[in-house]
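The structure appears right after this line, and notes come after that.
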Amino acid sequence: MNLFRTKSIEQSLRDTDEPEYKLNKTLSAFDLTVFGVGIIVGAGIFTLTGRAANQVAGPAVVVSFILAAICCGLAALCYAEFSSAVPVSGSAYTFSYASMGEIIAWIIGWDLILELLLAAAVVAQGWSAYVGVLLGHMGIQLPANFSYGGTVDVPAVLLALFLGLLVSMGIKESMRVETIMVGVKIAIVLFVVVAGIGYINPSNYTPFVPAPVPSEGIDSIWKQPLVQAAFGLQPTAFGLGGILAGAALVFFAYLGFDVVATAAEETKNPQRDLPRGILGSLLIATVLYCAVSVVVTGMVSYDKLEPSASLAQAFAFHGKAWMSTLIAAGAVVGLFTVVLTMIIGCSRLIFAMCRDNLLPMRLATVHPKYRTPTKITAIITAVIALLAGFTPIGTLEEMVNIGTLSAFILVSIGIPVMRRTHPDLERPFKVPFSPFLPILSAVICVGLTLNLAVETWLRFVLWLLLGIAVYFGYGYRHSRLATGKQLSPSIEAAVAADRRPEHE
């Protein structure tokens, strides 16, 4: 049994030229940066800043954002090296398939599916919350059972279905919509920073790091961070531990730069543009997050911040209802782009796994006109709609984080492994100070996972066990590496579509 068989980089690149499975190369470095900013800037600013400050970190939430950014920055360097050397859909899944073997690639892919599906559902719920706030300012109240926090979150379901349809019509078309909305979102965020400065009360920054207090709502060992439960420590909020817990929580805010790598096959010049898109979007997001967290915690004392819709509520706190309405509208636009990008990233990841026949290959064919994996997009859209519509609020965020962190750990380890196994591979971008920085990245990611709840770890283990069962039940026996199966012959319509000029 060869669980660590590797797929050659040459084969991965050849697969991208099969007409029936070929995606259009239409994206530039600017598109990729917009793509990254579109997904990163949103959840953290609009839904997590107030919650992290109010519940675990206080004004020191800005330090939590910086720590999470350092962790993501190190991982981003690793992603940039991999994606520039292996510009193929699948992101970390594809990289690990070439460096560490099939079983590791499957685990990473399975983890990333968890991240993207759950993250899209969580953000769709956050979008629904801001829709409720916006409509409330307009005097419209949605039925409680069919809105945010109700029996069925209808706005979140409708958002997922609409965006799934948009993604199916083509990535360039999706990017046109996203570029406009990202521009609106950035304008709103800058407005928050500029307008909010005038309402800052310096006394709200004192104490900057509140003294540790027993955590509220943690009534069992299952809700404690793993590191505290393992050593029998008293669960606390605030203090140094609160800053670290805050970093583990707001880590969710930076999800997205890794999704940029899933668009590798649709990038005109991936060796140059992918590192720029990944690192550029992360830098922009970090600056915006830190600015907003400083302003919001200065406007309202951390203990009075609303855990949900905190930006809009901060201006409402100062009697500026029109500003609150404007920010709620900006959040509706901003979170729209996050869900859009998540769906794109998840569809491209599963596309790569199906093309390798670790999941059924028949799902991986692209539409002859739109050149998008429409079958896969339809399936994940339905799953996201169900999760967003029927999952209780607040149960998915940490699951997203642990799935992502586990992928980051393996990608970081993969850099020194790939340097040893493929020393002659052309690397347009290289992680500096390797293997020190990749190892540091892995260690920091492990540290953040230890600050996630025990029940999160239990759910994650169950998800992994399910993934292992799927792998041995289907993937191991049907994998193209095991069977030597070739991609299906191109169909006439796909060939004709592939021969059209790129700009069409």
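Numbering starts fresh at 1 for the residues of each chain in the structure tokens, the chains themselves are lettered A, B, ... in the order given, and ligands are numbered from 1 as they appear.
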
Q.
Can you pull out every residue from range 106-341 of chain A that DSSP, working from the backbone, puts in alpha helix (DSSP H), and format the result as a VMD selection string?
A. chain A and resid 106 to 137 154 to 168 171 to 197 226 to 231 239 to 250 257 to 260 270 to 299 310 to 317 321 to 341

May I have the residues within 8 Å of range 27-38 of chain A as a PDB file with N, CA and C atoms, in the first residue's frame, using only C-alpha atoms and disregarding those fewer than 6 positions away in the same chain?
ATOM      1  N   LYS A 172     -14.372  35.497 -14.986  1.00  0.00           N
ATOM      2  CA  LYS A 172     -14.140  36.886 -15.367  1.00  0.00           C
ATOM      3  C   LYS A 172     -15.385  37.711 -15.090  1.00  0.00           C
ATOM      4  N   MET A 175     -15.523  38.297 -11.527  1.00  0.00           N
ATOM      5  CA  MET A 175     -14.532  39.287 -11.095  1.00  0.00           C
ATOM      6  C   MET A 175     -14.973  40.710 -11.431  1.00  0.00           C
ATOM      7  N   GLU A 178     -17.155  41.558  -8.641  1.00  0.00           N
ATOM      8  CA  GLU A 178     -16.381  41.663  -7.410  1.00  0.00           C
ATOM      9  C   GLU A 178     -15.538  42.937  -7.376  1.00  0.00           C
ATOM     10  N   THR A 179     -14.941  43.324  -8.496  1.00  0.00           N
ATOM     11  CA  THR A 179     -14.105  44.528  -8.530  1.00  0.00           C
ATOM     12  C   THR A 179     -14.911  45.754  -8.117  1.00  0.00           C
ATOM     13  N   VAL A 182     -15.740  45.395  -4.318  1.00  0.00           N
ATOM     14  CA  VAL A 182     -14.568  45.585  -3.459  1.00  0.00           C
ATOM     15  C   VAL A 182     -14.242  47.073  -3.354  1.00  0.00           C
ATOM     16  N   GLY A 256      -8.511  33.722   3.002  1.00  0.00           N
ATOM     17  CA  GLY A 256      -8.730  34.235   1.659  1.00  0.00           C
ATOM     18  C   GLY A 256      -7.488  34.328   0.818  1.00  0.00           C
ATOM     19  N   PHE A 257      -6.356  34.733   1.431  1.00  0.00           N
ATOM     20  CA  PHE A 257      -5.147  34.844   0.610  1.00  0.00           C
ATOM     21  C   PHE A 257      -4.776  33.484   0.031  1.00  0.00           C
ATOM     22  N   VAL A 259      -6.885  31.272  -0.866  1.00  0.00           N
ATOM     23  CA  VAL A 259      -7.833  30.972  -1.936  1.00  0.00           C
ATOM     24  C   VAL A 259      -7.362  31.567  -3.262  1.00  0.00           C
ATOM     25  N   VAL A 260      -6.544  32.624  -3.199  1.00  0.00           N
ATOM     26  CA  VAL A 260      -5.994  33.209  -4.426  1.00  0.00           C
ATOM     27  C   VAL A 260      -5.256  32.132  -5.225  1.00  0.00           C
ATOM     28  N   GLU A 266      -6.232  30.011 -13.922  1.00  0.00           N
ATOM     29  CA  GLU A 266      -6.961  31.049 -14.643  1.00  0.00           C
ATOM     30  C   GLU A 266      -6.203  32.372 -14.658  1.00  0.00           C
ATOM     31  N   THR A 267      -4.900  32.306 -14.322  1.00  0.00           N
ATOM     32  CA  THR A 267      -4.055  33.487 -14.270  1.00  0.00           C
ATOM     33  C   THR A 267      -3.158  33.551 -15.509  1.00  0.00           C
ATOM     34  N   LYS A 268      -3.077  34.726 -16.124  1.00  0.00           N
ATOM     35  CA  LYS A 268      -2.313  34.872 -17.361  1.00  0.00           C
ATOM     36  C   LYS A 268      -0.827  34.597 -17.150  1.00  0.00           C
ATOM     37  N   ASN A 269      -0.258  35.159 -16.089  1.00  0.00           N
ATOM     38  CA  ASN A 269       1.167  34.990 -15.799  1.00  0.00           C
ATOM     39  C   ASN A 269       1.317  34.570 -14.345  1.00  0.00           C
ATOM     40  N   ARG A 272       4.528  35.230 -12.006  1.00  0.00           N
ATOM     41  CA  ARG A 272       4.742  36.596 -11.525  1.00  0.00           C
ATOM     42  C   ARG A 272       3.573  37.108 -10.692  1.00  0.00           C
ATOM     43  N   ASP A 273       2.342  36.849 -11.157  1.00  0.00           N
ATOM     44  CA  ASP A 273       1.172  37.518 -10.598  1.00  0.00           C
ATOM     45  C   ASP A 273       0.633  36.869  -9.324  1.00  0.00           C
ATOM     46  N   LEU A 274       0.798  35.550  -9.169  1.00  0.00           N
ATOM     47  CA  LEU A 274       0.272  34.896  -7.970  1.00  0.00           C
ATOM     48  C   LEU A 274       0.940  35.387  -6.680  1.00  0.00           C
ATOM     49  N   ARG A 276       2.303  38.232  -6.153  1.00  0.00           N
ATOM     50  CA  ARG A 276       1.863  39.613  -5.958  1.00  0.00           C
ATOM     51  C   ARG A 276       0.435  39.662  -5.415  1.00  0.00           C
ATOM     52  N   GLY A 277      -0.436  38.841  -5.979  1.00  0.00           N
ATOM     53  CA  GLY A 277      -1.814  38.834  -5.513  1.00  0.00           C
ATOM     54  C   GLY A 277      -1.950  38.349  -4.086  1.00  0.00           C
ATOM     55  N   ILE A 278      -1.217  37.284  -3.737  1.00  0.00           N
ATOM     56  CA  ILE A 278      -1.300  36.712  -2.394  1.00  0.00           C
ATOM     57  C   ILE A 278      -0.765  37.687  -1.349  1.00  0.00           C
ATOM     58  N   GLY A 280       0.081  40.926  -1.713  1.00  0.00           N
ATOM     59  CA  GLY A 280      -0.519  42.253  -1.779  1.00  0.00           C
ATOM     60  C   GLY A 280      -1.857  42.323  -1.072  1.00  0.00           C
ATOM     61  N   SER A 281      -2.707  41.333  -1.291  1.00  0.00           N
ATOM     62  CA  SER A 281      -4.024  41.350  -0.648  1.00  0.00           C
ATOM     63  C   SER A 281      -3.901  41.197   0.865  1.00  0.00           C
ATOM     64  N   LEU A 282      -2.961  40.391   1.326  1.00  0.00           N
ATOM     65  CA  LEU A 282      -2.765  40.214   2.768  1.00  0.00           C
ATOM     66  C   LEU A 282      -2.273  41.503   3.413  1.00  0.00           C
ATOM     67  N   ILE A 284      -2.735  44.661   2.367  1.00  0.00           N
ATOM     68  CA  ILE A 284      -3.831  45.639   2.385  1.00  0.00           C
ATOM     69  C   ILE A 284      -4.814  45.320   3.505  1.00  0.00           C
ATOM     70  N   ALA A 285      -5.162  44.039   3.641  1.00  0.00           N
ATOM     71  CA  ALA A 285      -6.118  43.637   4.663  1.00  0.00           C
ATOM     72  C   ALA A 285      -5.594  43.917   6.065  1.00  0.00           C
ATOM     73  N   GLY A 334     -19.798  44.232   1.180  1.00  0.00           N
ATOM     74  CA  GLY A 334     -18.508  43.617   1.482  1.00  0.00           C
ATOM     75  C   GLY A 334     -18.595  42.123   1.715  1.00  0.00           C
ATOM     76  N   THR A 337     -19.024  39.885  -1.437  1.00  0.00           N
ATOM     77  CA  THR A 337     -17.827  39.498  -2.189  1.00  0.00           C
ATOM     78  C   THR A 337     -17.081  38.356  -1.509  1.00  0.00           C
ATOM     79  N   VAL A 338     -17.147  38.285  -0.184  1.00  0.00           N
ATOM     80  CA  VAL A 338     -16.456  37.205   0.526  1.00  0.00           C
ATOM     81  C   VAL A 338     -17.060  35.853   0.159  1.00  0.00           C
ATOM     82  N   THR A 341     -16.184  34.804  -3.429  1.00  0.00           N
ATOM     83  CA  THR A 341     -14.833  34.286  -3.596  1.00  0.00           C
ATOM     84  C   THR A 341     -14.670  32.908  -2.974  1.00  0.00           C
TER      85      THR A 341
END

Q | Contacts of Thr6 in chain A at 9 Å (only C-alpha atoms; same-chain gap of 3+ positions) as a PyMOL selection string | A | chain A and resi 3+96-102+481

Q.
Taking 4 positions as the minimum chain separation for residues in the same chain, which residues sit within 8 Å of range 146-161 of chain A when counting only C-alpha atoms? Answer as a ChimeraX atom specification.
A. /A:121,124-125,127-129,131-132,142,165,336,339,381-382,384-386,388-390,392-393

Atoms kept (C-alpha atoms) for selection, written as a PDB file, in the first residue's frame:
ATOM      1  CA  ALA A 121     -21.876  29.636   5.294  1.00  0.00           C
ATOM      2  CA  ALA A 124     -23.521  34.338   4.515  1.00  0.00           C
ATOM      3  CA  GLN A 125     -25.049  34.391   7.990  1.00  0.00           C
ATOM      4  CA  TRP A 127     -24.362  39.103   5.589  1.00  0.00           C
ATOM      5  CA  SER A 128     -27.903  38.235   6.650  1.00  0.00           C
ATOM      6  CA  ALA A 129     -27.348  39.957  10.004  1.00  0.00           C
ATOM      7  CA  VAL A 131     -29.231  42.932   5.883  1.00  0.00           C
ATOM      8  CA  GLY A 132     -31.472  42.851   8.937  1.00  0.00           C
ATOM      9  CA  LEU A 142     -38.059  40.582   8.436  1.00  0.00           C
ATOM     10  CA  LEU A 165     -25.386  30.976 -10.341  1.00  0.00           C
ATOM     11  CA  PHE A 336     -21.297  39.578  -0.617  1.00  0.00           C
ATOM     12  CA  VAL A 339     -19.051  34.512  -0.122  1.00  0.00           C
ATOM     13  CA  THR A 381     -23.815  25.963  -3.623  1.00  0.00           C
ATOM     14  CA  ALA A 382     -26.524  23.631  -2.343  1.00  0.00           C
ATOM     15  CA  ILE A 384     -23.517  26.180   1.555  1.00  0.00           C
ATOM     16  CA  ALA A 385     -27.174  27.201   1.299  1.00  0.00           C
ATOM     17  CA  LEU A 386     -28.191  24.393   3.669  1.00  0.00           C
ATOM     18  CA  ALA A 388     -26.132  28.935   6.107  1.00  0.00           C
ATOM     19  CA  GLY A 389     -29.863  28.462   6.355  1.00  0.00           C
ATOM     20  CA  PHE A 390     -30.140  25.878   9.103  1.00  0.00           C
ATOM     21  CA  PRO A 392     -27.162  27.713  14.604  1.00  0.00           C
ATOM     22  CA  ILE A 393     -25.179  30.949  14.833  1.00  0.00           C
TER      23      ILE A 393
END

Q. Given the choices A:Met299, A:Met342, A:Leu311, A:Ala328, which gets closest to Leu117 in chain A if the distance is worked out from only C-alpha atoms?
A.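 Selected residue with least distance to Leu117 in chain A: A:Met342.
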